[in-house]
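Worksheet for the structure shown next.
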Number of protein chains: 2
Amino acid sequence: MAQPIEFYFDFSSPYGYFASAKIDEIAARHDRTVEWRPILLGAIFKLTGGAPLPNIPLKGEYSKHDFVRSARLFNLPFRFPSTFPISSLIPSRAFYWLQERDPQQAKAFAAQLYHAFFAEDVDISKLENTLAIATTMGLSAADLEAGINTPAIKERLKDEVQAAIDKGVFGSPYFIVDSEPFHGSDRLDQVEKWLTTGGW
Amino acid sequence: MAQPIEFYFDFSSPYGYFASAKIDEIAARHDRTVEWRPILLGAIFKLTGGAPLPNIPLKGEYSKHDFVRSARLFNLPFRFPSTFPISSLIPSRAFYWLQERDPQQAKAFAAQLYHAFFAEDVDISKLENTLAIATTMGLSAADLEAGINTPAIKERLKDEVQAAIDKGVFGSPYFIVDSEPFHGSDRLDQVEKWLTTGGW
């Protein structure tokens with residue numbers, strides 16, 4: 001069985017959202033599965049000196065234009081969130097809590113969280129909003145809230161971020177295909193080419 | 001007549017080199033010409049807080065791997081220069097001096113400079129190396145050296161960098177197609193799609 005594709009993303013990353021809508025179908029065409037791993041870019045930016053794109057002079061204007069243009073290209077609903085960037089701490093912890101219980105449902109949950117933030121302007125950094133989305137999926141808000149607050153889940157997220165850094169992950173989305181790293185939603189074509197050809 | 005495509009690049013940028021080898025043939029397929037405009041990323045990084053990719057933690061390792069992988073994908077000769085990054089001041093001034101005399105030859109000169117730096121590890125920041133490349137093209141080294149040192153050419157390059165900043169250029173390569181900006185050699189497909197469709 002071929003290795004799963006590792007898919008790293010931050011819940012506050014528009015390009016991560018675009019990639020999340022495409023990576024599983026690309027993988028499926030090549031009989032691969034995808035492991036979704038939310039990370040906290042804020043922690044990584046402390047190492048790299050990075051910053052949220054819209055806050056960077058010149059690059060900020062371009063990126064806001066490019067988010068909208070990319071959404072049209074990917075044919076995905078998008079509106080620039082009224083609060084941006086947000087802390088991804090709560091949705092990321094919620095993801096890993098659910099992932100330990102039901103990996104497939106955790107992916108569907110991540111997709112719902114992304115959709116809420118980037119298509120419906122719901123601030124998913126707020127606990128009540130993340131819980132409300134979980135509830136629409138039939139999850140228990142009380143269980144999820146308790147889960148998010150356990151030391152084990154807090155530690156899990158920290159460990160995931162550190163493991164991502166150790167593998168060289170510096171942005172969102174970031175893919176690892178059989179040890180080969182790719183950064184950016186504009187590299188999905190290369191991910192697919194790599195899966196098709198085994199490299200070039 | 002449709003507007004020329006504006007192509008901004010820094011002589012020290014590997015992705016600019018890759019794009020320089022492709023943009024004219026893409027433009028020609030759509031009956032367009034390309035205006036080549038070397039810029040100085042160092043000046044732009046002062047505004048954006050940017051840095052040469054290989055110097056950035058995590059991103060540096062990835063980018064060095066990606067330069068080589070991208071060169072293979074574009075089918076272009078590449079070896080990572082032993083001195084990197086370099087100042088692009090001399091080759092950029094030399095380009096604009098020649099461009100005022102013979103725009104087509106200036107493009108060919110830029111292609112030679114890029115090839116020397118990224119395929120043959122010639123440090124084109126050094127005056128004697130840039131002059132030697134000009135000489136192989138039948139240009140007068142004495143005329144070029146004198147031209148590079150005129151206040152008019154120094155001013156011309158400053159003006160070009162400022163004009164690029166005023167248009168929002170923050171990286172290399174950067175393309176403007178009928179007012180639509182695209183950043184990165186991995187966006188050449190989108191440049192071509194835009195030329196084909198007129199936008200999406």
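We name chains A, B, ... following the order of the structure tokens; residues begin at 1 in each chain, and ligands are numbered from 1 as shown.
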- Message: Would you mind listing, as a PyMOL selection string, all residues of chain B that have at least one atom within 8 Å of chain A, where only C-alpha atoms are what counts?
- Response: chain B and resi 47-49+56-59+61-62+69+72-73+165+168-170+181+186-187+200
- Message: Excluding segment 137-143 of chain B and its own-chain neighbours fewer than 4 positions away, which residues fall within 12 Å of it when counting only C-alpha atoms? Please give them as a PyMOL selection string.
- Response: chain B and resi 94+97-98+101-102+105-113+127-133+147-150
For those residues, write C-alpha atoms to a file as a short mmCIF file (atom, residue, chain, number, x, y, z; two decimals), in the first residue's frame.
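Contents of out.cif, freshly written:
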```cif
data_model
loop_
_atom_site.label_atom_id
_atom_site.label_comp_id
_atom_site.auth_asym_id
_atom_site.auth_seq_id
_atom_site.Cartn_x
_atom_site.Cartn_y
_atom_site.Cartn_z
CA ALA B 94 23.91 47.20 -18.41
CA TRP B 97 21.85 50.91 -21.33
CA LEU B 98 21.56 48.38 -24.13
CA ARG B 101 19.91 51.22 -28.07
CA ASP B 102 18.54 47.84 -29.15
CA GLN B 105 19.52 42.59 -28.26
CA ALA B 106 18.99 43.68 -24.66
CA LYS B 107 16.67 40.69 -24.17
CA ALA B 108 19.23 38.33 -25.67
CA PHE B 109 21.84 39.89 -23.37
CA ALA B 110 19.64 39.33 -20.31
CA ALA B 111 19.18 35.70 -21.34
CA GLN B 112 22.97 35.31 -21.64
CA LEU B 113 23.50 36.92 -18.23
CA LEU B 127 31.72 44.25 -13.86
CA GLU B 128 34.37 42.28 -15.74
CA ASN B 129 32.06 39.27 -16.07
CA THR B 130 29.13 41.29 -17.37
CA LEU B 131 31.46 43.06 -19.82
CA ALA B 132 32.91 39.75 -21.00
CA ILE B 133 29.43 38.43 -21.80
CA GLY B 147 27.29 53.67 -20.27
CA ILE B 148 26.83 51.88 -16.95
CA ASN B 149 28.55 54.72 -15.16
CA THR B 150 26.47 57.58 -16.55
#
```
- Task: Please provide the set of residues having any atom within 9 Å of Leu89 of chain B, restricted to only C-alpha atoms, with same-chain residues fewer than 3 positions apart removed, written as a list in words.
- Result: Phe11, Ile39, Leu40, Ile86, Ser92, Arg93, Ala94, Ser125 and Leu157 of chain B
- Just the residues within 8 Å of Phe7 of chain B, please, counting only C-alpha atoms, with nothing from its chain fewer than 6 positions along; format it as a PyMOL selection string. chain B and resi 34-37+173-176
- Message: What's around Pro77 of chain A at 10 Å? Count only C-alpha atoms, leave out sequence neighbours fewer than 2 positions away in its own chain, and write the answer as a PyMOL selection string.
- Response: chain A and resi 18+68+71-72+74-75+79+115+118-120
- Can you list, as a VMD selection string, every residue of segment 75-181 of chain A that DSSP puts in helix (DSSP H, G or I)? chain A and resid 89 to 99 103 to 120 127 to 136 141 to 148 151 to 166
- Which residues in segment 23-141 of chain A does DSSP call strand (DSSP E or B)? List them as a list in words.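 Output for segment 23-141 of chain A, strand (DSSP E or B) only: Val34, Glu35, Trp36, Arg37 and Pro38 of chain A.
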- Give the answer as one residue: which of B:Val161, B:Val191, B:Ile23, B:Leu144 has the shortest atom-to-atom distance to Pro38 of chain B, using only C-alpha atoms?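 Closest candidate: B:Val161.
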